[in-house]
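Colleague: This one is model.cif, mmCIF, C-alpha atoms, pLDDT in the B column; chains and numbers go by the auth columns.
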data_run
#
loop_
_atom_site.group_PDB
_atom_site.id
_atom_site.type_symbol
_atom_site.label_atom_id
_atom_site.label_comp_id
_atom_site.label_asym_id
_atom_site.label_seq_id
_atom_site.Cartn_x
_atom_site.Cartn_y
_atom_site.Cartn_z
_atom_site.B_iso_or_equiv
_atom_site.auth_seq_id
_atom_site.auth_asym_id
ATOM 1 C CA MET A 1 -67.970 -28.082 194.600 52.00 1 A
ATOM 2 C CA GLY A 2 -64.890 -26.384 193.167 48.00 2 A
ATOM 3 C CA ASP A 3 -62.198 -24.158 194.611 57.00 3 A
ATOM 4 C CA THR A 4 -63.077 -21.801 197.430 57.00 4 A
ATOM 5 C CA PRO A 5 -63.239 -18.176 196.149 62.00 5 A
ATOM 6 C CA SER A 6 -60.784 -15.739 197.707 63.00 6 A
ATOM 7 C CA PRO A 7 -62.188 -13.056 200.074 60.00 7 A
ATOM 8 C CA ARG A 8 -61.454 -10.326 197.511 66.00 8 A
ATOM 9 C CA ARG A 9 -63.158 -12.287 194.759 72.00 9 A
ATOM 10 C CA LEU A 10 -66.218 -12.808 196.965 70.00 10 A
ATOM 11 C CA ILE A 11 -66.680 -9.018 197.114 71.00 11 A
ATOM 12 C CA VAL A 12 -67.026 -8.952 193.336 74.00 12 A
ATOM 13 C CA THR A 13 -68.838 -12.246 192.799 84.00 13 A
ATOM 14 C CA GLY A 14 -71.260 -11.707 195.698 89.00 14 A
ATOM 15 C CA PHE A 15 -73.545 -10.050 193.141 93.00 15 A
ATOM 16 C CA MET A 16 -73.941 -13.384 191.335 93.00 16 A
ATOM 17 C CA TYR A 17 -74.889 -15.531 194.334 95.00 17 A
ATOM 18 C CA PRO A 18 -78.667 -14.935 194.023 93.00 18 A
ATOM 19 C CA TYR A 19 -78.425 -16.209 190.443 93.00 19 A
ATOM 20 C CA ARG A 20 -76.257 -19.112 191.559 94.00 20 A
ATOM 21 C CA GLY A 21 -79.227 -19.906 193.793 94.00 21 A
ATOM 22 C CA PHE A 22 -81.362 -20.431 190.670 92.00 22 A
ATOM 23 C CA ARG A 23 -78.783 -22.779 189.183 94.00 23 A
ATOM 24 C CA PHE A 24 -78.446 -24.698 192.449 95.00 24 A
ATOM 25 C CA LEU A 25 -82.240 -25.124 192.637 93.00 25 A
ATOM 26 C CA LEU A 26 -82.365 -26.499 189.091 92.00 26 A
ATOM 27 C CA ARG A 27 -79.572 -28.943 189.886 93.00 27 A
ATOM 28 C CA HIS A 28 -81.322 -30.175 193.041 93.00 28 A
ATOM 29 C CA PRO A 29 -85.033 -30.646 192.243 90.00 29 A
ATOM 30 C CA ARG A 30 -85.525 -32.259 195.669 89.00 30 A
ATOM 31 C CA LEU A 31 -85.580 -28.678 196.994 91.00 31 A
ATOM 32 C CA LEU A 32 -88.674 -27.749 194.969 88.00 32 A
ATOM 33 C CA PRO A 33 -91.191 -28.754 197.715 85.00 33 A
ATOM 34 C CA TYR A 34 -89.534 -26.165 199.990 84.00 34 A
ATOM 35 C CA VAL A 35 -90.141 -23.519 197.292 88.00 35 A
ATOM 36 C CA ALA A 36 -93.752 -24.302 196.305 86.00 36 A
ATOM 37 C CA VAL A 37 -95.541 -22.755 199.314 83.00 37 A
ATOM 38 C CA PRO A 38 -93.290 -19.642 199.404 81.00 38 A
ATOM 39 C CA PHE A 39 -94.014 -19.095 195.696 82.00 39 A
ATOM 40 C CA VAL A 40 -97.785 -18.993 196.296 85.00 40 A
ATOM 41 C CA ILE A 41 -97.484 -16.709 199.329 83.00 41 A
ATOM 42 C CA ASN A 42 -95.022 -14.413 197.535 78.00 42 A
ATOM 43 C CA THR A 43 -97.392 -14.084 194.569 82.00 43 A
ATOM 44 C CA LEU A 44 -100.254 -12.920 196.800 84.00 44 A
ATOM 45 C CA LEU A 45 -98.024 -10.631 198.882 79.00 45 A
ATOM 46 C CA TYR A 46 -96.278 -8.974 195.945 75.00 46 A
ATOM 47 C CA THR A 47 -99.539 -8.357 194.086 79.00 47 A
ATOM 48 C CA GLY A 48 -101.029 -6.683 197.165 78.00 48 A
ATOM 49 C CA LEU A 49 -97.997 -4.466 197.807 73.00 49 A
ATOM 50 C CA VAL A 50 -97.755 -3.317 194.180 72.00 50 A
ATOM 51 C CA TRP A 51 -101.455 -2.434 194.119 78.00 51 A
ATOM 52 C CA PHE A 52 -101.218 -0.527 197.413 73.00 52 A
ATOM 53 C CA ALA A 53 -98.109 1.486 196.455 68.00 53 A
ATOM 54 C CA GLY A 54 -99.293 2.163 192.898 66.00 54 A
ATOM 55 C CA SER A 55 -102.689 3.455 193.972 70.00 55 A
ATOM 56 C CA ARG A 56 -101.184 5.962 196.408 68.00 56 A
ATOM 57 C CA PHE A 57 -97.954 7.046 194.712 65.00 57 A
ATOM 58 C CA GLY A 58 -99.435 10.085 192.966 64.00 58 A
ATOM 59 C CA GLY A 59 -100.954 11.456 196.175 65.00 59 A
ATOM 60 C CA TRP A 60 -97.728 10.957 198.123 62.00 60 A
ATOM 61 C CA MET A 61 -95.709 12.793 195.486 62.00 61 A
ATOM 62 C CA GLU A 62 -98.094 15.771 195.400 64.00 62 A
ATOM 63 C CA ARG A 63 -97.667 16.206 199.152 63.00 63 A
ATOM 64 C CA LEU A 64 -93.894 15.662 199.251 59.00 64 A
ATOM 65 C CA VAL A 65 -92.639 17.416 196.109 59.00 65 A
ATOM 66 C CA PRO A 66 -92.385 21.239 196.324 58.00 66 A
ATOM 67 C CA GLN A 67 -94.419 23.296 193.872 60.00 67 A
ATOM 68 C CA GLY A 68 -93.414 26.425 191.951 57.00 68 A
ATOM 69 C CA ASP A 69 -93.718 28.183 188.583 62.00 69 A
ATOM 70 C CA ALA A 70 -90.045 28.958 187.896 58.00 70 A
ATOM 71 C CA TRP A 71 -88.015 26.724 185.574 62.00 71 A
ATOM 72 C CA TYR A 72 -85.723 25.551 188.381 60.00 72 A
ATOM 73 C CA TRP A 73 -88.754 24.326 190.335 62.00 73 A
ATOM 74 C CA ALA A 74 -89.714 22.187 187.344 64.00 74 A
ATOM 75 C CA VAL A 75 -86.188 20.688 187.218 69.00 75 A
ATOM 76 C CA LEU A 76 -86.127 20.131 190.974 67.00 76 A
ATOM 77 C CA THR A 77 -89.590 18.543 190.854 66.00 77 A
ATOM 78 C CA ALA A 78 -88.526 16.124 188.103 69.00 78 A
ATOM 79 C CA VAL A 79 -85.351 15.143 189.997 70.00 79 A
ATOM 80 C CA LEU A 80 -87.223 14.603 193.255 69.00 80 A
ATOM 81 C CA TRP A 81 -89.926 12.552 191.518 70.00 81 A
ATOM 82 C CA VAL A 82 -87.251 10.224 190.131 73.00 82 A
ATOM 83 C CA LEU A 83 -85.497 10.052 193.501 72.00 83 A
ATOM 84 C CA PHE A 84 -88.701 9.398 195.461 72.00 84 A
ATOM 85 C CA ALA A 85 -89.814 6.807 192.911 71.00 85 A
ATOM 86 C CA ALA A 86 -86.478 4.982 193.272 73.00 86 A
ATOM 87 C CA VAL A 87 -86.637 5.116 197.075 69.00 87 A
ATOM 88 C CA LEU A 88 -90.251 3.908 197.041 69.00 88 A
ATOM 89 C CA LEU A 89 -89.300 1.056 194.719 72.00 89 A
ATOM 90 C CA LEU A 90 -86.461 0.000 197.011 71.00 90 A
ATOM 91 C CA LEU A 91 -88.749 0.315 200.017 70.00 91 A
ATOM 92 C CA LEU A 92 -91.405 -1.768 198.256 72.00 92 A
ATOM 93 C CA VAL A 93 -88.856 -4.453 197.392 71.00 93 A
ATOM 94 C CA TYR A 94 -87.392 -4.540 200.880 68.00 94 A
ATOM 95 C CA THR A 95 -90.835 -4.518 202.506 71.00 95 A
ATOM 96 C CA PHE A 96 -91.784 -7.448 200.282 71.00 96 A
ATOM 97 C CA THR A 97 -88.601 -9.222 201.391 71.00 97 A
ATOM 98 C CA LEU A 98 -89.037 -8.464 205.090 68.00 98 A
ATOM 99 C CA VAL A 99 -92.709 -9.389 205.278 73.00 99 A
ATOM 100 C CA GLY A 100 -92.186 -12.404 203.028 73.00 100 A
ATOM 101 C CA ASN A 101 -89.284 -13.661 205.106 70.00 101 A
ATOM 102 C CA LEU A 102 -91.238 -13.087 208.308 71.00 102 A
ATOM 103 C CA LEU A 103 -94.167 -15.134 207.011 76.00 103 A
ATOM 104 C CA LEU A 104 -91.916 -17.764 205.464 78.00 104 A
ATOM 105 C CA ALA A 105 -89.192 -17.911 208.117 75.00 105 A
ATOM 106 C CA PRO A 106 -89.716 -21.623 208.948 78.00 106 A
ATOM 107 C CA PHE A 107 -89.731 -22.592 205.237 84.00 107 A
ATOM 108 C CA ASN A 108 -86.641 -20.479 204.566 85.00 108 A
ATOM 109 C CA ASP A 109 -84.809 -21.937 207.542 84.00 109 A
ATOM 110 C CA PHE A 110 -85.530 -25.510 206.435 86.00 110 A
ATOM 111 C CA LEU A 111 -84.513 -24.651 202.864 91.00 111 A
ATOM 112 C CA SER A 112 -81.249 -23.085 204.022 91.00 112 A
ATOM 113 C CA GLU A 113 -80.466 -26.116 206.179 90.00 113 A
ATOM 114 C CA LYS A 114 -81.021 -28.487 203.240 91.00 114 A
ATOM 115 C CA VAL A 115 -78.860 -26.328 200.959 94.00 115 A
ATOM 116 C CA GLU A 116 -76.026 -26.232 203.483 93.00 116 A
ATOM 117 C CA TRP A 117 -76.189 -29.989 203.808 91.00 117 A
ATOM 118 C CA LEU A 118 -76.144 -30.545 200.017 92.00 118 A
ATOM 119 C CA TYR A 119 -73.471 -27.931 199.299 93.00 119 A
ATOM 120 C CA ALA A 120 -71.172 -28.172 202.291 86.00 120 A
ATOM 121 C CA GLY A 121 -72.013 -31.468 203.936 80.00 121 A
ATOM 122 C CA ASN A 122 -72.888 -29.685 207.181 66.00 122 A
ATOM 123 C CA ARG A 123 -75.762 -31.271 209.047 58.00 123 A
ATOM 124 C CA LEU A 124 -76.855 -30.946 212.649 52.00 124 A
ATOM 125 C CA ASP A 125 -76.929 -34.377 214.223 48.00 125 A
ATOM 126 C CA GLU A 126 -79.780 -33.596 216.589 49.00 126 A
ATOM 127 C CA PRO A 127 -82.724 -35.975 217.226 46.00 127 A
ATOM 128 C CA PHE A 128 -86.137 -34.770 216.098 39.00 128 A
ATOM 129 C CA ARG A 129 -88.262 -33.337 218.880 49.00 129 A
ATOM 130 C CA VAL A 130 -91.432 -31.299 218.561 47.00 130 A
ATOM 131 C CA GLY A 131 -90.177 -28.882 221.191 56.00 131 A
ATOM 132 C CA ALA A 132 -86.902 -28.381 219.307 54.00 132 A
ATOM 133 C CA LEU A 133 -88.817 -27.803 216.068 56.00 133 A
ATOM 134 C CA LEU A 134 -90.999 -25.155 217.692 65.00 134 A
ATOM 135 C CA ARG A 135 -87.916 -23.485 219.175 68.00 135 A
ATOM 136 C CA ASP A 136 -86.318 -23.397 215.731 63.00 136 A
ATOM 137 C CA VAL A 137 -89.452 -21.798 214.247 64.00 137 A
ATOM 138 C CA TRP A 138 -89.557 -19.195 217.034 71.00 138 A
ATOM 139 C CA ARG A 139 -85.814 -18.578 216.613 66.00 139 A
ATOM 140 C CA SER A 140 -86.311 -17.844 212.897 63.00 140 A
ATOM 141 C CA VAL A 141 -89.255 -15.510 213.505 67.00 141 A
ATOM 142 C CA LYS A 142 -87.461 -13.717 216.353 73.00 142 A
ATOM 143 C CA ALA A 143 -84.389 -13.171 214.173 71.00 143 A
ATOM 144 C CA GLU A 144 -86.585 -11.655 211.442 69.00 144 A
ATOM 145 C CA LEU A 145 -88.266 -9.312 213.939 75.00 145 A
ATOM 146 C CA GLY A 146 -84.894 -8.281 215.340 76.00 146 A
ATOM 147 C CA ARG A 147 -83.506 -7.372 211.921 75.00 147 A
ATOM 148 C CA LEU A 148 -86.699 -5.504 211.057 76.00 148 A
ATOM 149 C CA ALA A 149 -86.448 -3.436 214.252 82.00 149 A
ATOM 150 C CA LEU A 150 -82.785 -2.648 213.576 84.00 150 A
ATOM 151 C CA TYR A 151 -83.469 -1.654 209.971 80.00 151 A
ATOM 152 C CA LEU A 152 -86.390 0.600 210.896 82.00 152 A
ATOM 153 C CA GLY A 153 -84.322 2.139 213.694 88.00 153 A
ATOM 154 C CA CYS A 154 -81.558 3.030 211.230 87.00 154 A
ATOM 155 C CA LEU A 155 -84.104 4.547 208.834 83.00 155 A
ATOM 156 C CA ALA A 156 -85.550 6.615 211.687 86.00 156 A
ATOM 157 C CA LEU A 157 -82.077 8.037 212.394 89.00 157 A
ATOM 158 C CA LEU A 158 -81.831 9.145 208.763 85.00 158 A
ATOM 159 C CA LEU A 159 -85.231 10.876 208.643 83.00 159 A
ATOM 160 C CA PRO A 160 -83.969 14.283 209.926 85.00 160 A
ATOM 161 C CA LEU A 161 -82.015 14.609 206.669 81.00 161 A
ATOM 162 C CA HIS A 162 -85.331 15.497 205.006 67.00 162 A
ATOM 163 C CA LEU A 163 -85.270 18.756 206.985 73.00 163 A
ATOM 164 C CA PHE A 164 -82.508 19.989 204.645 77.00 164 A
ATOM 165 C CA PRO A 165 -83.823 19.571 201.093 73.00 165 A
ATOM 166 C CA PRO A 166 -82.688 19.013 198.425 73.00 166 A
ATOM 167 C CA VAL A 167 -79.154 18.057 199.553 78.00 167 A
ATOM 168 C CA GLY A 168 -80.371 16.242 202.651 80.00 168 A
ATOM 169 C CA THR A 169 -83.010 14.409 200.628 75.00 169 A
ATOM 170 C CA ALA A 170 -80.424 13.287 198.069 79.00 170 A
ATOM 171 C CA PHE A 171 -78.087 12.127 200.838 86.00 171 A
ATOM 172 C CA TYR A 172 -80.979 10.267 202.440 82.00 172 A
ATOM 173 C CA GLY A 173 -81.632 8.471 199.142 80.00 173 A
ATOM 174 C CA ALA A 174 -77.990 7.357 198.870 86.00 174 A
ATOM 175 C CA ALA A 175 -77.784 6.300 202.525 88.00 175 A
ATOM 176 C CA PHE A 176 -81.123 4.500 202.279 84.00 176 A
ATOM 177 C CA THR A 177 -79.915 2.548 199.241 86.00 177 A
ATOM 178 C CA LEU A 178 -76.668 1.400 200.900 91.00 178 A
ATOM 179 C CA LEU A 179 -78.491 0.540 204.110 90.00 179 A
ATOM 180 C CA THR A 180 -81.067 -1.509 202.209 86.00 180 A
ATOM 181 C CA LEU A 181 -78.403 -3.422 200.274 91.00 181 A
ATOM 182 C CA PHE A 182 -76.526 -4.164 203.501 92.00 182 A
ATOM 183 C CA PHE A 183 -79.551 -5.423 205.418 89.00 183 A
ATOM 184 C CA LEU A 184 -80.742 -7.389 202.415 87.00 184 A
ATOM 185 C CA GLY A 185 -77.403 -9.187 202.312 91.00 185 A
ATOM 186 C CA TRP A 186 -77.511 -9.783 206.072 91.00 186 A
ATOM 187 C CA GLU A 187 -81.082 -11.050 205.742 86.00 187 A
ATOM 188 C CA TYR A 188 -80.163 -14.032 203.620 90.00 188 A
ATOM 189 C CA LEU A 189 -76.939 -14.942 205.400 93.00 189 A
ATOM 190 C CA ASP A 190 -78.682 -14.866 208.761 89.00 190 A
ATOM 191 C CA PHE A 191 -80.422 -18.224 208.383 87.00 191 A
ATOM 192 C CA SER A 192 -77.079 -19.999 208.617 89.00 192 A
ATOM 193 C CA MET A 193 -75.831 -17.624 211.319 89.00 193 A
ATOM 194 C CA GLU A 194 -78.901 -18.403 213.435 83.00 194 A
ATOM 195 C CA ARG A 195 -78.463 -22.107 212.865 83.00 195 A
ATOM 196 C CA TRP A 196 -74.824 -21.799 213.903 85.00 196 A
ATOM 197 C CA HIS A 197 -76.076 -20.134 217.131 81.00 197 A
ATOM 198 C CA LEU A 198 -73.990 -17.015 216.621 84.00 198 A
ATOM 199 C CA GLY A 199 -74.794 -14.181 219.020 80.00 199 A
ATOM 200 C CA PHE A 200 -75.674 -10.692 217.803 80.00 200 A
ATOM 201 C CA GLY A 201 -72.117 -9.457 218.367 82.00 201 A
ATOM 202 C CA ALA A 202 -70.677 -12.277 216.256 86.00 202 A
ATOM 203 C CA LYS A 203 -73.291 -11.643 213.549 87.00 203 A
ATOM 204 C CA ARG A 204 -72.485 -7.937 213.492 85.00 204 A
ATOM 205 C CA LYS A 205 -68.759 -8.677 213.253 88.00 205 A
ATOM 206 C CA LEU A 206 -69.360 -11.127 210.405 91.00 206 A
ATOM 207 C CA ALA A 207 -71.619 -8.692 208.543 91.00 207 A
ATOM 208 C CA PHE A 208 -69.325 -5.663 208.812 89.00 208 A
ATOM 209 C CA GLY A 209 -66.237 -7.810 208.281 90.00 209 A
ATOM 210 C CA ASN A 210 -67.702 -8.866 204.918 92.00 210 A
ATOM 211 C CA LEU A 211 -69.308 -5.529 204.075 91.00 211 A
ATOM 212 C CA GLY A 212 -68.331 -5.606 200.395 91.00 212 A
ATOM 213 C CA ALA A 213 -69.687 -9.119 199.871 92.00 213 A
ATOM 214 C CA LEU A 214 -72.980 -8.249 201.610 94.00 214 A
ATOM 215 C CA LEU A 215 -73.472 -5.039 199.603 93.00 215 A
ATOM 216 C CA SER A 216 -72.658 -6.888 196.386 93.00 216 A
ATOM 217 C CA PHE A 217 -75.053 -9.710 197.251 95.00 217 A
ATOM 218 C CA GLY A 218 -77.737 -7.173 198.190 93.00 218 A
ATOM 219 C CA ALA A 219 -77.345 -5.435 194.809 93.00 219 A
ATOM 220 C CA GLY A 220 -77.785 -8.751 192.997 93.00 220 A
ATOM 221 C CA ALA A 221 -80.822 -9.577 195.110 91.00 221 A
ATOM 222 C CA ILE A 222 -82.412 -6.156 194.474 87.00 222 A
ATOM 223 C CA LEU A 223 -82.002 -6.584 190.730 88.00 223 A
ATOM 224 C CA LEU A 224 -83.560 -10.045 190.905 87.00 224 A
ATOM 225 C CA LEU A 225 -86.468 -8.715 192.953 81.00 225 A
ATOM 226 C CA LEU A 226 -87.140 -6.090 190.266 80.00 226 A
ATOM 227 C CA ILE A 227 -87.499 -8.630 187.433 82.00 227 A
ATOM 228 C CA PRO A 228 -91.206 -9.412 186.889 76.00 228 A
ATOM 229 C CA LEU A 229 -92.240 -13.031 187.500 77.00 229 A
ATOM 230 C CA LEU A 230 -88.730 -14.049 188.548 82.00 230 A
ATOM 231 C CA ASN A 231 -89.195 -11.924 191.669 79.00 231 A
ATOM 232 C CA LEU A 232 -91.877 -14.339 192.834 80.00 232 A
ATOM 233 C CA LEU A 233 -89.131 -16.939 193.277 86.00 233 A
ATOM 234 C CA ALA A 234 -86.589 -14.393 194.467 86.00 234 A
ATOM 235 C CA ILE A 235 -86.928 -14.986 198.216 86.00 235 A
ATOM 236 C CA PRO A 236 -86.268 -18.751 198.241 90.00 236 A
ATOM 237 C CA VAL A 237 -83.612 -18.356 195.538 93.00 237 A
ATOM 238 C CA CYS A 238 -81.858 -15.664 197.595 93.00 238 A
ATOM 239 C CA VAL A 239 -82.058 -17.943 200.646 93.00 239 A
ATOM 240 C CA ILE A 240 -80.179 -20.544 198.604 95.00 240 A
ATOM 241 C CA GLY A 241 -77.694 -17.963 197.309 96.00 241 A
ATOM 242 C CA GLY A 242 -77.098 -16.515 200.781 95.00 242 A
ATOM 243 C CA THR A 243 -76.432 -19.978 202.165 95.00 243 A
ATOM 244 C CA LEU A 244 -73.936 -20.684 199.382 95.00 244 A
ATOM 245 C CA LEU A 245 -72.215 -17.359 200.055 95.00 245 A
ATOM 246 C CA ILE A 246 -71.838 -17.846 203.793 94.00 246 A
ATOM 247 C CA CYS A 247 -70.517 -21.365 203.238 92.00 247 A
ATOM 248 C CA ASP A 248 -67.874 -19.932 200.895 92.00 248 A
ATOM 249 C CA LEU A 249 -67.082 -17.153 203.388 91.00 249 A
ATOM 250 C CA ARG A 250 -66.623 -19.835 206.007 90.00 250 A
ATOM 251 C CA ASP A 251 -64.235 -21.727 203.725 87.00 251 A
ATOM 252 C CA ALA A 252 -62.305 -18.510 203.187 85.00 252 A
ATOM 253 C CA GLY A 253 -61.927 -18.055 206.958 85.00 253 A
ATOM 254 C CA ARG A 254 -64.233 -15.032 207.007 85.00 254 A
ATOM 255 C CA THR A 255 -66.750 -16.303 209.589 86.00 255 A
ATOM 256 C CA PRO A 256 -66.617 -17.382 213.242 81.00 256 A
ATOM 257 C CA ALA A 257 -66.743 -21.100 213.942 69.00 257 A
ATOM 258 C CA PRO A 258 -70.329 -22.380 214.309 70.00 258 A
ATOM 259 C CA GLN A 259 -71.468 -23.068 217.867 63.00 259 A
ATOM 260 C CA THR A 260 -73.495 -26.135 216.940 52.00 260 A
ATOM 261 C CA GLY A 261 -71.094 -28.990 217.169 50.00 261 A
ATOM 262 C CA LEU A 262 -70.136 -28.649 213.506 49.00 262 A
ATOM 263 C CA PRO A 263 -66.411 -28.710 212.743 43.00 263 A
ATOM 264 C CA PRO A 264 -64.888 -25.246 212.311 41.00 264 A
ATOM 265 C CA THR A 265 -64.054 -25.958 208.660 39.00 265 A
ATOM 266 C CA ARG A 266 -65.416 -28.267 206.020 41.00 266 A
#
Could the structure of this file be written out as structure tokens, please?

Modeller:
Amino acid sequence: MGDTPSPRRLIVTGFMYPYRGFRFLLRHPRLLPYVAVPFVINTLLYTGLVWFAGSRFGGWMERLVPQGDAWYWAVLTAVLWVLFAAVLLLLLVYTFTLVGNLLLAPFNDFLSEKVEWLYAGNRLDEPFRVGALLRDVWRSVKAELGRLALYLGCLALLLPLHLFPPVGTAFYGAAFTLLTLFFLGWEYLDFSMERWHLGFGAKRKLAFGNLGALLSFGAGAILLLLIPLLNLLAIPVCVIGGTLLICDLRDAGRTPAPQTGLPPTR
């Protein structure tokens, strides 16, 4: 598996983990069945979201962007169009990720577990029970809903910035971008954190304690989600990349010990 990256290096290389997910998938074709169904669902979901946002973008901009005849209004309008378009694109990407992960939570959880086993040798020695399987599915869905509520709550706190255009609007765009990158990084590390039975406090400590790595990973994931066709595989690939990242963070001593009976280090 190679040497464990240093914590400082993980901040820089976190950007590459989504793409490492592609390489890991190609090296382990046994994972492909866990990707097939998500690919079909992602194709339908992404097509629907792009059609919905594209058909309404012009109307939204006419209502949101101020109008005027002076030259500075034309400049301000152009700047705000670019800013709103970027924010809408990020929102579209993150909505695609959130809804996709909510629908595919059981698939993503199983995929993450297989990746952790192949990459790190960690495997839960628990007998198969239907009740345990259903609890795991509910745990994954509940974690997705919890992150969605937290993300939307943070966005709601930022909304008053729009009362102070254009400075407040620009600040909102910057804050929205950083918030999206952070939650996107948390999103894909959370499958392992849930499986390790970490409480919300431990998750929050892990996420903020590795803020640079999460933001870097989120930036890499956003770029991947913006690449046509590749973005249809982006969610399962980012699940793989997030699992690889949290395993490396664990090796670097940057995570709490799992509460699942696994040894504290590999």

Colleague: I want to know what sits within 9 Å of Ile240 of chain A, based on only C-alpha atoms, with residues of the same chain fewer than 4 positions away left out; could you give that as a PDB file with C-alpha atoms, keeping the file's coordinate frame?

Modeller:
ATOM      1  CA  TYR A  17     -74.889 -15.531 194.334  1.00 95.00           C
ATOM      2  CA  PRO A  18     -78.667 -14.935 194.023  1.00 93.00           C
ATOM      3  CA  ARG A  20     -76.257 -19.112 191.559  1.00 94.00           C
ATOM      4  CA  GLY A  21     -79.227 -19.906 193.793  1.00 94.00           C
ATOM      5  CA  PHE A  22     -81.362 -20.431 190.670  1.00 92.00           C
ATOM      6  CA  PHE A  24     -78.446 -24.698 192.449  1.00 95.00           C
ATOM      7  CA  LEU A  25     -82.240 -25.124 192.637  1.00 93.00           C
ATOM      8  CA  ASN A 108     -86.641 -20.479 204.566  1.00 85.00           C
ATOM      9  CA  LEU A 111     -84.513 -24.651 202.864  1.00 91.00           C
ATOM     10  CA  SER A 112     -81.249 -23.085 204.022  1.00 91.00           C
ATOM     11  CA  VAL A 115     -78.860 -26.328 200.959  1.00 94.00           C
ATOM     12  CA  GLU A 116     -76.026 -26.232 203.483  1.00 93.00           C
ATOM     13  CA  TYR A 188     -80.163 -14.032 203.620  1.00 90.00           C
ATOM     14  CA  ILE A 235     -86.928 -14.986 198.216  1.00 86.00           C
ATOM     15  CA  PRO A 236     -86.268 -18.751 198.241  1.00 90.00           C
ATOM     16  CA  LEU A 244     -73.936 -20.684 199.382  1.00 95.00           C
ATOM     17  CA  LEU A 245     -72.215 -17.359 200.055  1.00 95.00           C
TER      18      LEU A 245
END

Colleague: The PyMOL selection byres ((chain A and resi 113) around 12) - which residues does that actually catch in the file I just gave you? List them as a PyMOL selection string.

Modeller: chain A and resi 31+34+106-112+114-124+136+189-196+239-240+242-244+247

Colleague: Those same residues, written as a PDB file, keeping the file's coordinate frame with C-alpha atoms?

Modeller:
ATOM      1  CA  LEU A  31     -85.580 -28.678 196.994  1.00 91.00           C
ATOM      2  CA  TYR A  34     -89.534 -26.165 199.990  1.00 84.00           C
ATOM      3  CA  PRO A 106     -89.716 -21.623 208.948  1.00 78.00           C
ATOM      4  CA  PHE A 107     -89.731 -22.592 205.237  1.00 84.00           C
ATOM      5  CA  ASN A 108     -86.641 -20.479 204.566  1.00 85.00           C
ATOM      6  CA  ASP A 109     -84.809 -21.937 207.542  1.00 84.00           C
ATOM      7  CA  PHE A 110     -85.530 -25.510 206.435  1.00 86.00           C
ATOM      8  CA  LEU A 111     -84.513 -24.651 202.864  1.00 91.00           C
ATOM      9  CA  SER A 112     -81.249 -23.085 204.022  1.00 91.00           C
ATOM     10  CA  LYS A 114     -81.021 -28.487 203.240  1.00 91.00           C
ATOM     11  CA  VAL A 115     -78.860 -26.328 200.959  1.00 94.00           C
ATOM     12  CA  GLU A 116     -76.026 -26.232 203.483  1.00 93.00           C
ATOM     13  CA  TRP A 117     -76.189 -29.989 203.808  1.00 91.00           C
ATOM     14  CA  LEU A 118     -76.144 -30.545 200.017  1.00 92.00           C
ATOM     15  CA  TYR A 119     -73.471 -27.931 199.299  1.00 93.00           C
ATOM     16  CA  ALA A 120     -71.172 -28.172 202.291  1.00 86.00           C
ATOM     17  CA  GLY A 121     -72.013 -31.468 203.936  1.00 80.00           C
ATOM     18  CA  ASN A 122     -72.888 -29.685 207.181  1.00 66.00           C
ATOM     19  CA  ARG A 123     -75.762 -31.271 209.047  1.00 58.00           C
ATOM     20  CA  LEU A 124     -76.855 -30.946 212.649  1.00 52.00           C
ATOM     21  CA  ASP A 136     -86.318 -23.397 215.731  1.00 63.00           C
ATOM     22  CA  LEU A 189     -76.939 -14.942 205.400  1.00 93.00           C
ATOM     23  CA  ASP A 190     -78.682 -14.866 208.761  1.00 89.00           C
ATOM     24  CA  PHE A 191     -80.422 -18.224 208.383  1.00 87.00           C
ATOM     25  CA  SER A 192     -77.079 -19.999 208.617  1.00 89.00           C
ATOM     26  CA  MET A 193     -75.831 -17.624 211.319  1.00 89.00           C
ATOM     27  CA  GLU A 194     -78.901 -18.403 213.435  1.00 83.00           C
ATOM     28  CA  ARG A 195     -78.463 -22.107 212.865  1.00 83.00           C
ATOM     29  CA  TRP A 196     -74.824 -21.799 213.903  1.00 85.00           C
ATOM     30  CA  VAL A 239     -82.058 -17.943 200.646  1.00 93.00           C
ATOM     31  CA  ILE A 240     -80.179 -20.544 198.604  1.00 95.00           C
ATOM     32  CA  GLY A 242     -77.098 -16.515 200.781  1.00 95.00           C
ATOM     33  CA  THR A 243     -76.432 -19.978 202.165  1.00 95.00           C
ATOM     34  CA  LEU A 244     -73.936 -20.684 199.382  1.00 95.00           C
ATOM     35  CA  CYS A 247     -70.517 -21.365 203.238  1.00 92.00           C
TER      36      CYS A 247
END

Colleague: Just the number, please: distance in Å from atom CA of Leu103 of chain A to atom CA of Asn210 of chain A, one decimal.

Modeller: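 About the pair atom CA of Leu103 of chain A and atom CA of Asn210 of chain A: they are 27.3 Å apart.
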
Colleague: Have a look at atom CA of Leu225 of chain A and atom CA of Val93 of chain A and let me know their distance in Å, one decimal.

Modeller: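 For atom CA of Leu225 of chain A relative to atom CA of Val93 of chain A, the distance reads 6.6 Å.
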
Colleague: Would you mind listing what lies within 10 Å of Ala219 of chain A as a list in words, with only C-alpha atoms counted and same-chain residues fewer than 5 positions away left out?

Modeller: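 The filter keeps Gly14, Phe15, Met16, Pro18, Thr177, Leu178, Thr180, Leu181, Phe182, Leu184, Gly185, Ala213, Leu214, Leu224 and Leu225 of chain A.
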
Colleague: Just say which residues the PyMOL selection byres ((chain A and resi 230) around 12) picks in this file, as a list of chain:residue names.

Modeller: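 When the PyMOL selection byres ((chain A and resi 230) around 12) is applied, the selected residues are A:Pro18, A:Tyr19, A:Phe22, A:Phe39, A:Asn42, A:Thr43, A:Tyr46, A:Ala221, A:Ile222, A:Leu223, A:Leu224, A:Leu225, A:Leu226, A:Ile227, A:Pro228, A:Leu229, A:Asn231, A:Leu232, A:Leu233, A:Ala234, A:Ile235, A:Pro236, A:Val237, A:Cys238.
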